[in-house]
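Novice: Below is structure_30.cif; it holds mmCIF, C-alpha atoms.
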data_start
loop_
_atom_site.group_PDB
_atom_site.id
_atom_site.type_symbol
_atom_site.label_atom_id
_atom_site.label_comp_id
_atom_site.auth_asym_id
_atom_site.auth_seq_id
_atom_site.Cartn_x
_atom_site.Cartn_y
_atom_site.Cartn_z
ATOM 1 C CA MET A 1 0.000 0.000 0.000
ATOM 2 C CA THR A 2 1.181 3.506 -0.759
ATOM 3 C CA GLU A 3 -1.346 5.762 0.954
ATOM 4 C CA ALA A 4 0.163 8.034 3.578
ATOM 5 C CA ASN A 5 -2.826 8.150 5.920
ATOM 6 C CA PRO A 6 -3.212 5.859 8.941
ATOM 7 C CA PRO A 7 -5.639 2.980 8.485
ATOM 8 C CA THR A 8 -9.175 3.492 9.670
ATOM 9 C CA PRO A 9 -9.562 2.285 13.273
ATOM 10 C CA ARG A 10 -11.287 -1.055 13.564
ATOM 11 C CA THR A 11 -14.818 -1.031 14.856
ATOM 12 C CA ASP A 12 -15.705 -3.395 17.682
ATOM 13 C CA ALA A 13 -19.297 -3.740 16.509
ATOM 14 C CA SER A 14 -20.111 -7.325 15.528
ATOM 15 C CA PRO A 15 -22.659 -8.139 12.833
ATOM 16 C CA ASP A 16 -25.693 -10.243 13.596
ATOM 17 C CA PRO A 17 -24.977 -13.933 13.062
ATOM 18 C CA LEU A 18 -26.379 -15.712 10.044
ATOM 19 C CA SER A 19 -28.574 -18.743 10.439
ATOM 20 C CA VAL A 20 -26.652 -22.008 10.375
ATOM 21 C CA ALA A 21 -28.034 -22.772 6.916
ATOM 22 C CA GLU A 22 -26.951 -19.341 5.624
ATOM 23 C CA ALA A 23 -23.473 -19.645 7.133
ATOM 24 C CA ALA A 24 -23.074 -23.135 5.691
ATOM 25 C CA GLY A 25 -24.179 -21.726 2.337
ATOM 26 C CA VAL A 26 -21.476 -19.040 2.470
ATOM 27 C CA ALA A 27 -18.845 -21.676 3.199
ATOM 28 C CA GLU A 28 -20.108 -23.991 0.467
ATOM 29 C CA ARG A 29 -20.123 -21.205 -2.142
ATOM 30 C CA VAL A 30 -16.520 -20.337 -1.347
ATOM 31 C CA VAL A 31 -15.411 -23.974 -1.463
ATOM 32 C CA GLU A 32 -17.143 -24.579 -4.801
ATOM 33 C CA ASN A 33 -15.709 -21.374 -6.256
ATOM 34 C CA VAL A 34 -12.173 -22.350 -5.281
ATOM 35 C CA GLU A 35 -12.760 -25.736 -6.917
ATOM 36 C CA ARG A 36 -13.179 -23.940 -10.248
ATOM 37 C CA VAL A 37 -9.417 -23.356 -10.072
ATOM 38 C CA ILE A 38 -8.011 -25.997 -7.723
ATOM 39 C CA VAL A 39 -8.485 -29.642 -8.713
ATOM 40 C CA GLY A 40 -8.718 -32.529 -6.277
ATOM 41 C CA HIS A 41 -8.227 -30.791 -2.922
ATOM 42 C CA ARG A 42 -11.728 -30.231 -1.582
ATOM 43 C CA ASP A 43 -10.700 -31.487 1.860
ATOM 44 C CA VAL A 44 -7.896 -28.926 2.076
ATOM 45 C CA THR A 45 -10.191 -26.164 0.811
ATOM 46 C CA GLU A 46 -12.776 -27.036 3.456
ATOM 47 C CA HIS A 47 -10.050 -26.912 6.102
ATOM 48 C CA ILE A 48 -9.052 -23.439 4.942
ATOM 49 C CA VAL A 49 -12.631 -22.162 4.998
ATOM 50 C CA THR A 50 -13.285 -23.578 8.465
ATOM 51 C CA ALA A 51 -10.051 -21.983 9.719
ATOM 52 C CA ILE A 52 -11.150 -18.582 8.422
ATOM 53 C CA LEU A 53 -14.576 -18.956 10.026
ATOM 54 C CA ALA A 54 -12.833 -19.986 13.263
ATOM 55 C CA ARG A 55 -10.725 -16.781 13.206
ATOM 56 C CA GLY A 56 -7.545 -18.715 12.470
ATOM 57 C CA HIS A 57 -4.489 -18.462 10.232
ATOM 58 C CA LEU A 58 -3.061 -21.103 7.904
ATOM 59 C CA LEU A 59 0.301 -22.546 6.935
ATOM 60 C CA LEU A 60 0.466 -24.374 3.590
ATOM 61 C CA ASP A 61 3.566 -26.526 3.628
ATOM 62 C CA ASP A 62 4.641 -28.514 0.576
ATOM 63 C CA VAL A 63 7.073 -28.852 -2.305
ATOM 64 C CA PRO A 64 7.119 -26.104 -4.953
ATOM 65 C CA GLY A 65 4.636 -26.130 -7.809
ATOM 66 C CA VAL A 66 1.702 -28.054 -6.318
ATOM 67 C CA GLY A 67 -0.633 -25.054 -6.108
ATOM 68 C CA LYS A 68 -0.143 -23.548 -2.627
ATOM 69 C CA THR A 69 -0.069 -19.947 -3.804
ATOM 70 C CA MET A 70 -2.815 -20.524 -6.370
ATOM 71 C CA LEU A 71 -5.042 -22.000 -3.658
ATOM 72 C CA ALA A 72 -4.509 -18.950 -1.446
ATOM 73 C CA ARG A 73 -5.194 -16.577 -4.344
ATOM 74 C CA SER A 74 -8.341 -18.456 -5.323
ATOM 75 C CA LEU A 75 -9.635 -18.266 -1.778
ATOM 76 C CA ALA A 76 -8.915 -14.544 -1.588
ATOM 77 C CA ARG A 77 -10.650 -13.904 -4.908
ATOM 78 C CA SER A 78 -13.706 -15.811 -3.739
ATOM 79 C CA ILE A 79 -14.261 -13.268 -0.961
ATOM 80 C CA ASP A 80 -14.831 -9.635 -1.912
ATOM 81 C CA CYS A 81 -12.333 -8.095 0.481
ATOM 82 C CA GLU A 82 -8.870 -6.531 0.596
ATOM 83 C CA PHE A 83 -6.157 -8.964 -0.530
ATOM 84 C CA SER A 84 -2.434 -8.364 -0.222
ATOM 85 C CA ARG A 85 0.615 -10.469 -0.908
ATOM 86 C CA VAL A 86 4.119 -10.395 0.538
ATOM 87 C CA GLN A 87 6.891 -12.313 -1.188
ATOM 88 C CA PHE A 88 9.234 -13.257 1.638
ATOM 89 C CA THR A 89 12.912 -13.048 0.678
ATOM 90 C CA PRO A 90 16.171 -13.032 2.667
ATOM 91 C CA ASP A 91 16.464 -9.227 2.396
ATOM 92 C CA LEU A 92 12.860 -8.458 3.428
ATOM 93 C CA MET A 93 12.667 -6.174 6.465
ATOM 94 C CA PRO A 94 9.952 -6.151 9.170
ATOM 95 C CA SER A 95 8.874 -2.668 8.069
ATOM 96 C CA ASP A 96 8.260 -4.067 4.579
ATOM 97 C CA VAL A 97 5.488 -6.130 6.178
ATOM 98 C CA THR A 98 4.035 -3.875 8.876
ATOM 99 C CA GLY A 99 4.569 -0.426 7.365
ATOM 100 C CA VAL A 100 6.804 2.514 8.227
ATOM 101 C CA ASN A 101 6.675 6.116 9.380
ATOM 102 C CA VAL A 102 7.848 8.454 6.613
ATOM 103 C CA PHE A 103 8.856 12.066 7.152
ATOM 104 C CA ASP A 104 6.822 14.475 5.027
ATOM 105 C CA GLU A 105 8.959 17.512 4.243
ATOM 106 C CA ARG A 106 5.904 19.584 3.399
ATOM 107 C CA THR A 107 4.131 19.117 6.714
ATOM 108 C CA ARG A 108 7.349 18.514 8.717
ATOM 109 C CA GLU A 109 5.643 15.532 10.324
ATOM 110 C CA PHE A 110 5.950 11.769 10.188
ATOM 111 C CA GLU A 111 3.130 9.917 8.451
ATOM 112 C CA PHE A 112 2.441 6.214 8.717
ATOM 113 C CA ARG A 113 2.364 4.255 5.495
ATOM 114 C CA PRO A 114 0.681 0.889 6.112
ATOM 115 C CA GLY A 115 2.390 -2.249 4.883
ATOM 116 C CA PRO A 116 0.758 -5.212 3.151
ATOM 117 C CA VAL A 117 -0.285 -6.753 6.470
ATOM 118 C CA PHE A 118 -3.156 -4.256 6.395
ATOM 119 C CA GLY A 119 -5.426 -6.487 4.348
ATOM 120 C CA ASN A 120 -8.259 -8.902 5.031
ATOM 121 C CA VAL A 121 -6.553 -11.895 3.436
ATOM 122 C CA VAL A 122 -2.761 -11.631 3.542
ATOM 123 C CA LEU A 123 -0.675 -14.110 1.560
ATOM 124 C CA ALA A 124 2.788 -14.537 3.085
ATOM 125 C CA ASP A 125 4.442 -16.374 0.212
ATOM 126 C CA GLU A 126 7.409 -18.638 1.027
ATOM 127 C CA ILE A 127 7.544 -17.277 4.555
ATOM 128 C CA ASN A 128 10.537 -19.394 5.515
ATOM 129 C CA ARG A 129 12.801 -17.635 2.985
ATOM 130 C CA ALA A 130 12.945 -14.590 5.276
ATOM 131 C CA PRO A 131 14.965 -14.532 8.530
ATOM 132 C CA PRO A 132 13.206 -14.914 11.893
ATOM 133 C CA LYS A 133 13.364 -11.164 12.579
ATOM 134 C CA THR A 134 11.144 -10.519 9.569
ATOM 135 C CA GLN A 135 8.900 -13.493 10.227
ATOM 136 C CA SER A 136 8.265 -12.120 13.717
ATOM 137 C CA ALA A 137 6.682 -9.016 12.176
ATOM 138 C CA LEU A 138 3.529 -11.117 11.798
ATOM 139 C CA LEU A 139 3.344 -12.344 15.397
ATOM 140 C CA GLU A 140 1.471 -9.395 16.891
ATOM 141 C CA ALA A 141 -0.812 -9.151 13.872
ATOM 142 C CA MET A 142 -1.736 -12.832 13.974
ATOM 143 C CA GLU A 143 -2.329 -12.974 17.717
ATOM 144 C CA GLU A 144 -3.847 -9.577 18.489
ATOM 145 C CA ALA A 145 -5.039 -8.253 15.101
ATOM 146 C CA GLN A 146 -2.942 -5.129 15.505
ATOM 147 C CA VAL A 147 0.438 -3.709 14.528
ATOM 148 C CA THR A 148 2.714 -1.513 16.629
ATOM 149 C CA VAL A 149 5.160 0.770 14.819
ATOM 150 C CA ASP A 150 7.368 3.259 16.715
ATOM 151 C CA GLY A 151 5.185 2.921 19.787
ATOM 152 C CA GLU A 152 1.908 3.585 17.946
ATOM 153 C CA THR A 153 -0.632 0.772 17.682
ATOM 154 C CA TYR A 154 -2.872 0.346 14.643
ATOM 155 C CA GLU A 155 -5.841 -2.004 14.599
ATOM 156 C CA LEU A 156 -6.307 -4.327 11.629
ATOM 157 C CA ASP A 157 -9.607 -4.535 9.798
ATOM 158 C CA GLN A 158 -11.680 -7.690 10.110
ATOM 159 C CA PRO A 159 -11.830 -10.322 8.840
ATOM 160 C CA PHE A 160 -8.077 -10.756 9.015
ATOM 161 C CA THR A 161 -6.441 -14.011 7.962
ATOM 162 C CA VAL A 162 -2.827 -14.815 7.164
ATOM 163 C CA ILE A 163 -2.244 -17.629 4.684
ATOM 164 C CA ALA A 164 1.448 -18.465 4.649
ATOM 165 C CA THR A 165 3.137 -20.845 2.244
ATOM 166 C CA GLN A 166 6.332 -22.637 3.117
ATOM 167 C CA ASN A 167 8.903 -24.243 0.844
ATOM 168 C CA ASP A 168 9.943 -27.505 2.499
ATOM 169 C CA VAL A 169 12.921 -28.154 0.222
ATOM 170 C CA GLU A 170 16.262 -26.313 -0.098
ATOM 171 C CA ALA A 171 16.743 -26.374 3.666
ATOM 172 C CA ASP A 172 20.094 -24.597 3.307
ATOM 173 C CA ARG A 173 18.335 -21.575 1.780
ATOM 174 C CA THR A 174 15.440 -21.258 4.223
ATOM 175 C CA TYR A 175 14.906 -20.469 7.894
ATOM 176 C CA ASP A 176 12.983 -22.624 10.336
ATOM 177 C CA LEU A 177 9.851 -20.985 11.686
ATOM 178 C CA PRO A 178 10.090 -20.443 15.463
ATOM 179 C CA ILE A 179 7.800 -22.691 17.487
ATOM 180 C CA ALA A 180 6.026 -19.629 18.899
ATOM 181 C CA GLU A 181 5.144 -18.591 15.351
ATOM 182 C CA ILE A 182 4.073 -22.068 14.233
ATOM 183 C CA ASP A 183 1.751 -22.234 17.251
ATOM 184 C CA ARG A 184 -0.076 -19.141 15.989
ATOM 185 C CA PHE A 185 -1.180 -20.945 12.836
ATOM 186 C CA ALA A 186 -4.526 -22.615 13.481
ATOM 187 C CA LYS A 187 -3.762 -25.278 10.878
ATOM 188 C CA ARG A 188 -0.856 -26.633 8.902
ATOM 189 C CA LEU A 189 -1.916 -28.236 5.626
ATOM 190 C CA THR A 190 -0.261 -30.013 2.709
ATOM 191 C CA LEU A 191 -1.511 -30.569 -0.816
ATOM 192 C CA GLY A 192 0.666 -33.313 -2.248
ATOM 193 C CA TYR A 193 0.989 -34.230 -5.885
ATOM 194 C CA PRO A 194 -2.205 -34.693 -7.918
ATOM 195 C CA SER A 195 -3.273 -38.046 -9.282
ATOM 196 C CA PRO A 196 -2.767 -38.592 -13.047
ATOM 197 C CA ASP A 197 -6.456 -37.864 -13.715
ATOM 198 C CA GLU A 198 -6.355 -34.701 -11.590
ATOM 199 C CA GLU A 199 -3.199 -33.473 -13.293
ATOM 200 C CA SER A 200 -4.774 -34.083 -16.690
ATOM 201 C CA GLU A 201 -7.754 -31.962 -15.602
ATOM 202 C CA VAL A 202 -5.397 -29.207 -14.440
ATOM 203 C CA LEU A 203 -3.766 -29.176 -17.872
ATOM 204 C CA ARG A 204 -7.165 -29.021 -19.563
ATOM 205 C CA ARG A 205 -8.247 -26.041 -17.478
ATOM 206 C CA VAL A 206 -5.136 -23.972 -18.150
ATOM 207 C CA THR A 207 -5.177 -24.516 -21.908
ATOM 208 C CA GLY A 208 -5.797 -21.121 -23.499
ATOM 209 C CA GLY A 209 -5.812 -19.232 -20.200
ATOM 210 C CA HIS A 210 -6.015 -19.700 -16.456
ATOM 211 C CA PRO A 211 -9.356 -20.112 -14.660
ATOM 212 C CA ILE A 212 -8.317 -17.791 -11.855
ATOM 213 C CA ASP A 213 -8.416 -14.884 -14.297
ATOM 214 C CA ASP A 214 -12.205 -15.243 -14.514
ATOM 215 C CA LEU A 215 -12.859 -16.044 -10.851
ATOM 216 C CA GLU A 216 -15.420 -13.725 -9.259
ATOM 217 C CA PRO A 217 -16.250 -13.214 -5.566
ATOM 218 C CA VAL A 218 -19.110 -15.289 -4.165
ATOM 219 C CA ALA A 219 -19.085 -13.841 -0.632
ATOM 220 C CA THR A 220 -18.371 -10.506 1.006
ATOM 221 C CA ALA A 221 -16.293 -9.601 4.025
ATOM 222 C CA GLU A 222 -19.565 -8.933 5.847
ATOM 223 C CA ASP A 223 -20.744 -12.468 4.993
ATOM 224 C CA VAL A 224 -17.588 -13.886 6.552
ATOM 225 C CA LEU A 225 -17.902 -11.756 9.685
ATOM 226 C CA ALA A 226 -21.548 -12.752 10.154
ATOM 227 C CA ALA A 227 -20.716 -16.433 9.552
ATOM 228 C CA ARG A 228 -17.975 -16.150 12.169
ATOM 229 C CA GLU A 229 -20.586 -15.045 14.682
ATOM 230 C CA THR A 230 -22.656 -18.107 13.761
ATOM 231 C CA VAL A 231 -19.631 -20.325 14.376
ATOM 232 C CA ALA A 232 -18.901 -18.648 17.706
ATOM 233 C CA ASP A 233 -22.484 -19.366 18.806
ATOM 234 C CA ALA A 234 -22.294 -23.083 17.969
ATOM 235 C CA THR A 235 -22.796 -25.075 21.163
ATOM 236 C CA ALA A 236 -19.831 -27.032 22.473
ATOM 237 C CA GLY A 237 -21.009 -29.057 25.434
ATOM 238 C CA GLU A 238 -19.017 -30.139 28.454
ATOM 239 C CA ALA A 239 -18.392 -33.607 26.984
ATOM 240 C CA VAL A 240 -16.874 -32.127 23.819
ATOM 241 C CA ARG A 241 -14.715 -29.669 25.764
ATOM 242 C CA ALA A 242 -13.488 -32.476 28.004
ATOM 243 C CA TYR A 243 -12.639 -34.568 24.935
ATOM 244 C CA VAL A 244 -10.532 -31.731 23.502
ATOM 245 C CA THR A 245 -8.763 -31.392 26.845
ATOM 246 C CA ARG A 246 -8.001 -35.121 27.010
ATOM 247 C CA LEU A 247 -6.511 -35.063 23.501
ATOM 248 C CA ALA A 248 -4.284 -32.116 24.404
ATOM 249 C CA ASN A 249 -3.137 -33.786 27.617
ATOM 250 C CA TYR A 250 -2.346 -36.995 25.749
ATOM 251 C CA THR A 251 0.134 -35.085 23.588
ATOM 252 C CA ARG A 252 1.715 -33.488 26.663
ATOM 253 C CA ASP A 253 2.193 -36.906 28.240
ATOM 254 C CA HIS A 254 3.631 -38.556 25.106
ATOM 255 C CA ALA A 255 5.787 -35.887 23.454
ATOM 256 C CA ASP A 256 8.700 -33.603 24.286
ATOM 257 C CA LEU A 257 6.424 -30.659 23.531
ATOM 258 C CA GLY A 258 2.671 -31.080 23.655
ATOM 259 C CA VAL A 259 -0.266 -29.013 22.511
ATOM 260 C CA SER A 260 -0.613 -25.624 24.209
ATOM 261 C CA PRO A 261 -3.903 -24.180 25.478
ATOM 262 C CA ARG A 262 -3.837 -22.014 22.349
ATOM 263 C CA GLY A 263 -3.948 -25.255 20.366
ATOM 264 C CA SER A 264 -6.900 -26.540 22.390
ATOM 265 C CA ILE A 265 -8.791 -23.307 21.712
ATOM 266 C CA ALA A 266 -7.991 -23.558 18.000
ATOM 267 C CA LEU A 267 -9.270 -27.141 17.911
ATOM 268 C CA LEU A 268 -12.546 -26.271 19.632
ATOM 269 C CA ARG A 269 -13.149 -23.266 17.358
ATOM 270 C CA SER A 270 -12.332 -25.321 14.290
ATOM 271 C CA ALA A 271 -14.750 -28.005 15.452
ATOM 272 C CA GLN A 272 -17.440 -25.337 15.821
ATOM 273 C CA ALA A 273 -16.781 -24.232 12.233
ATOM 274 C CA ARG A 274 -16.898 -27.846 11.025
ATOM 275 C CA ALA A 275 -20.269 -28.291 12.732
ATOM 276 C CA VAL A 276 -21.679 -25.218 10.973
ATOM 277 C CA LEU A 277 -20.231 -26.383 7.656
ATOM 278 C CA ASP A 278 -22.161 -29.623 8.180
ATOM 279 C CA GLY A 279 -25.360 -27.693 8.966
ATOM 280 C CA ARG A 280 -25.432 -28.066 12.761
ATOM 281 C CA ASP A 281 -25.444 -25.512 15.569
ATOM 282 C CA TYR A 282 -23.768 -27.904 17.996
ATOM 283 C CA VAL A 283 -20.426 -29.725 18.058
ATOM 284 C CA VAL A 284 -20.058 -33.492 18.181
ATOM 285 C CA PRO A 285 -16.868 -35.538 18.697
ATOM 286 C CA ASP A 286 -16.726 -36.297 14.972
ATOM 287 C CA ASP A 287 -16.126 -32.576 14.358
ATOM 288 C CA VAL A 288 -13.193 -32.611 16.758
ATOM 289 C CA GLN A 289 -11.747 -35.708 15.114
ATOM 290 C CA ALA A 290 -12.120 -34.234 11.622
ATOM 291 C CA GLU A 291 -10.089 -31.183 12.636
ATOM 292 C CA ALA A 292 -7.579 -32.689 15.074
ATOM 293 C CA GLU A 293 -4.703 -33.577 12.747
ATOM 294 C CA ALA A 294 -4.655 -30.291 10.837
ATOM 295 C CA VAL A 295 -4.909 -28.253 14.042
ATOM 296 C CA LEU A 296 -2.660 -30.196 16.419
ATOM 297 C CA ALA A 297 0.036 -32.099 14.527
ATOM 298 C CA HIS A 298 2.310 -29.119 13.822
ATOM 299 C CA ARG A 299 2.265 -28.034 17.464
ATOM 300 C CA VAL A 300 3.883 -31.139 18.968
ATOM 301 C CA ARG A 301 7.532 -32.194 19.050
ATOM 302 C CA THR A 302 7.998 -35.915 19.510
ATOM 303 C CA GLY A 303 11.793 -35.995 19.687
ATOM 304 C CA ALA A 304 14.215 -37.300 17.096
ATOM 305 C CA SER A 305 14.641 -40.639 18.856
ATOM 306 C CA SER A 306 10.929 -41.453 18.953
ATOM 307 C CA GLY A 307 10.601 -42.206 15.239
ATOM 308 C CA ARG A 308 7.129 -40.655 15.231
ATOM 309 C CA SER A 309 5.874 -37.552 13.492
ATOM 310 C CA GLY A 310 3.340 -35.131 14.883
ATOM 311 C CA ARG A 311 0.705 -36.709 12.646
ATOM 312 C CA ASP A 312 1.571 -40.142 14.029
ATOM 313 C CA LEU A 313 1.081 -38.900 17.578
ATOM 314 C CA ILE A 314 -2.267 -37.263 16.847
ATOM 315 C CA ALA A 315 -3.481 -40.409 15.088
ATOM 316 C CA GLU A 316 -2.397 -42.365 18.147
ATOM 317 C CA ALA A 317 -4.225 -39.931 20.427
ATOM 318 C CA LEU A 318 -7.441 -40.215 18.415
ATOM 319 C CA GLU A 319 -7.187 -43.991 18.649
ATOM 320 C CA SER A 320 -6.361 -44.091 22.356
ATOM 321 C CA VAL A 321 -8.365 -41.271 23.954
ATOM 322 C CA PRO A 322 -11.936 -42.374 24.659
ATOM 323 C CA VAL A 323 -15.003 -40.388 23.669
ATOM 324 C CA GLU A 324 -17.132 -40.112 26.800
#
Represent the structure contained in this file as structure tokens.

Specialist:
Amino acid sequence: MTEANPPTPRTDASPDPLSVAEAAGVAERVVENVERVIVGHRDVTEHIVTAILARGHLLLDDVPGVGKTMLARSLARSIDCEFSRVQFTPDLMPSDVTGVNVFDERTREFEFRPGPVFGNVVLADEINRAPPKTQSALLEAMEEAQVTVDGETYELDQPFTVIATQNDVEADRTYDLPIAEIDRFAKRLTLGYPSPDEESEVLRRVTGGHPIDDLEPVATAEDVLAARETVADATAGEAVRAYVTRLANYTRDHADLGVSPRGSIALLRSAQARAVLDGRDYVVPDDVQAEAEAVLAHRVRTGASSGRSGRDLIAEALESVPVE
């Protein structure tokens, strides 16, 4: 962004929630619209939509060229809101993300010029190519929906979602994301390579042009905010909350680093969004189980000697922890 005026302060007024059927319809329209561009990843798309409705952020982690950035762009285009993109590189500075105060010689005053983080959907492309100092520029924004520059705090407009992509090859040319930053991502998702039939369909769609060029919004920012209120109102009974707690405690008892309370909150909110996506105003254990791997696996550290991945541990937890 190039405007020299401070961003408009965020309003705390919340819209009235949609009905469950209306909120589910918003989610379904977005998923189907993204599928016009992305082939064969409906499950991942649903995970992204539920994360947004649960007020979460996403980390797409995979090899280059499988559609991570295109998926994020398709999602952003499906919602009529402010989209911005940051290409993370080794020389990127924190101020390139958050914004900077610039001295205006005419007025003899400093004016704040917002950075690309001042958007509704922010694509942080190849986030692990920038050093930790620059990565940390997103921490306050992701956790508190605000940015502090030179002692002045600026609120971010809602909805606000960071979708970060991560290149998991060329380890010698990338930086590991700090655990504190990884824990702020509600979900970590992978796409994987398409099947031969899916890849053939991708090639058919891009012949003569790319479908994303014609993609139109199917929801507004106000739709998303109202659907978020619907999700927040979804009932999560004591039995469901206890189940989430038992899963989190299982990871703490069986890993070097278990799931934090932030992770438990993310799982419950994601389960609420999954319930609404399925047309219910209450959460059942199946919702928790459907969201558990994407929400929890990246938060645990099993230790190099264990021979288990985070996904292995969460699968083990789902198998071992009873539903009561």

Novice: Translate the PyMOL selection byres ((chain A and resi 311) around 12), as applied to the file shown, into an explicit residue set as a PyMOL selection string.

Specialist: chain A and resi 188-189+251+255+292-302+307-310+312-318

Novice: Write out, as a tab-separated table (two decimals), in the coordinates of the input, the residues just selected, with C-alpha atoms.

Specialist:
chain	number	residue	atom	x	y	z
A	188	ARG	CA	-0.86	-26.63	8.90
A	189	LEU	CA	-1.92	-28.24	5.63
A	251	THR	CA	0.13	-35.08	23.59
A	255	ALA	CA	5.79	-35.89	23.45
A	292	ALA	CA	-7.58	-32.69	15.07
A	293	GLU	CA	-4.70	-33.58	12.75
A	294	ALA	CA	-4.66	-30.29	10.84
A	295	VAL	CA	-4.91	-28.25	14.04
A	296	LEU	CA	-2.66	-30.20	16.42
A	297	ALA	CA	0.04	-32.10	14.53
A	298	HIS	CA	2.31	-29.12	13.82
A	299	ARG	CA	2.26	-28.03	17.46
A	300	VAL	CA	3.88	-31.14	18.97
A	301	ARG	CA	7.53	-32.19	19.05
A	302	THR	CA	8.00	-35.92	19.51
A	307	GLY	CA	10.60	-42.21	15.24
A	308	ARG	CA	7.13	-40.66	15.23
A	309	SER	CA	5.87	-37.55	13.49
A	310	GLY	CA	3.34	-35.13	14.88
A	312	ASP	CA	1.57	-40.14	14.03
A	313	LEU	CA	1.08	-38.90	17.58
A	314	ILE	CA	-2.27	-37.26	16.85
A	315	ALA	CA	-3.48	-40.41	15.09
A	316	GLU	CA	-2.40	-42.36	18.15
A	317	ALA	CA	-4.22	-39.93	20.43
A	318	LEU	CA	-7.44	-40.22	18.42

Novice: When the PyMOL selection byres ((chain A and resi 71-79) around 9) is applied to the structure above, which residues does it catch, written out as a ChimeraX atom specification?

Specialist: /A:29-31,33-38,45,48-49,60,67-70,80-83,120-123,163-165,212,215-221,223-224

Novice: Do you know which residues are at most 10 Å from Ile52 in chain A counting only C-alpha atoms, after dropping those on the same chain fewer than 6 positions away, and could you put them as a list in words?

Specialist: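 Close residues of Ile52 in chain A: Ala27, Glu46, Leu58, Val121, Pro159, Phe160, Thr161, Val162, Ile163, Ala186, Val224, Leu225, Ala227, Arg228, Ser270 and Ala273 of chain A.
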
Novice: Grab the CA of Asp183 in chain A to CA of Asp91 in chain A distance for me, in Å with one decimal place.

Specialist: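 Between CA of Asp183 in chain A and CA of Asp91 in chain A the gap is 24.6 Å.
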
Novice: Using only C-alpha atoms, what residues lie at most 12 Å away from (-22.5, -29.5, 9.2) (file coordinates), given as a list in words?

Specialist: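 Residues with an atom close enough to that point: Val20, Ala21, Glu22, Ala23, Ala24, Gly25, Ala27, Glu28, Glu46, Thr50, Val231, Ala234, Ala271, Gln272, Ala273, Arg274, Ala275, Val276, Leu277, Asp278, Gly279, Arg280, Asp281, Tyr282, Val283, Val284, Asp286, Asp287 and Ala290 of chain A.
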
Novice: In Å, rounded to a single decimal, give me how far CA of Val323 in chain A is from CA of Ala239 in chain A.

Specialist: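 A separation of 8.3 Å between them.
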
Novice: Quick one, how far is CA of Ser200 in chain A from CA of Asp61 in chain A?

Specialist: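 For CA of Ser200 in chain A relative to CA of Asp61 in chain A, the distance reads 23.2 Å.
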
Novice: What do you get, as JSON, numbers by chain, if you spell out every residue that the PyMOL selection byres ((chain A and resi 62-65) around 7) selects here?

Specialist: {"A": [60, 61, 66, 67, 166, 167, 168, 169, 190, 191, 192]}

Novice: Rank A:Glu105, A:Asp176, A:Glu181, A:Glu126 by their smallest atom-to-atom distance to Ala141 in chain A, using all atoms listed in the file, and report the top residue only.

Specialist: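 Counting all atoms listed in the file, the residue closest to Ala141 in chain A is A:Glu181.
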
Novice: Looking at A:Glu324, A:Ser260, A:Val240, A:Asp157, which one is nearest to Pro285 in chain A, with distances taken over only C-alpha atoms?

Specialist: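 Smallest separation from Pro285 in chain A among the options: A:Val240.
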
Novice: Please define a box with edges along x, y and z of the file around all atoms of range 158-168 of chain A given in the file, extend it by 4 Å on each side, and return its centre and edge lengths in Å to one decimal, as lines of an AutoDock Vina configuration file.

Specialist:
center_x = -0.9
center_y = -17.6
center_z = 5.5
size_x = 29.8
size_y = 27.8
size_z = 17.3

Novice: A:Lys133, A:Gly151, A:His57, A:Glu109: which is nearest Pro94 in chain A, counting all atoms listed in the file?

Specialist: A:Lys133

Novice: Which one of A:Ala51, A:Val39, A:Ile127, A:Val44 sits closest to Arg85 in chain A if you count only C-alpha atoms?

Specialist: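 Counting only C-alpha atoms, the residue closest to Arg85 in chain A is A:Ile127.
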
Novice: Considering all atoms listed in the file, can you say which of A:Arg269, A:Thr107, A:Ser195, A:Asp96 comes closest to Glu229 in chain A?

Specialist: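 Selected residue with least distance to Glu229 in chain A: A:Arg269.
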
Novice: Find, counting only C-alpha atoms, the residue in A:Leu257, A:Ala226, A:Ile265, A:Ala124 that gets nearest to Arg241 in chain A.

Specialist: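 Looking only at the distances to Arg241 in chain A, the closest residue turns out to be A:Ile265.
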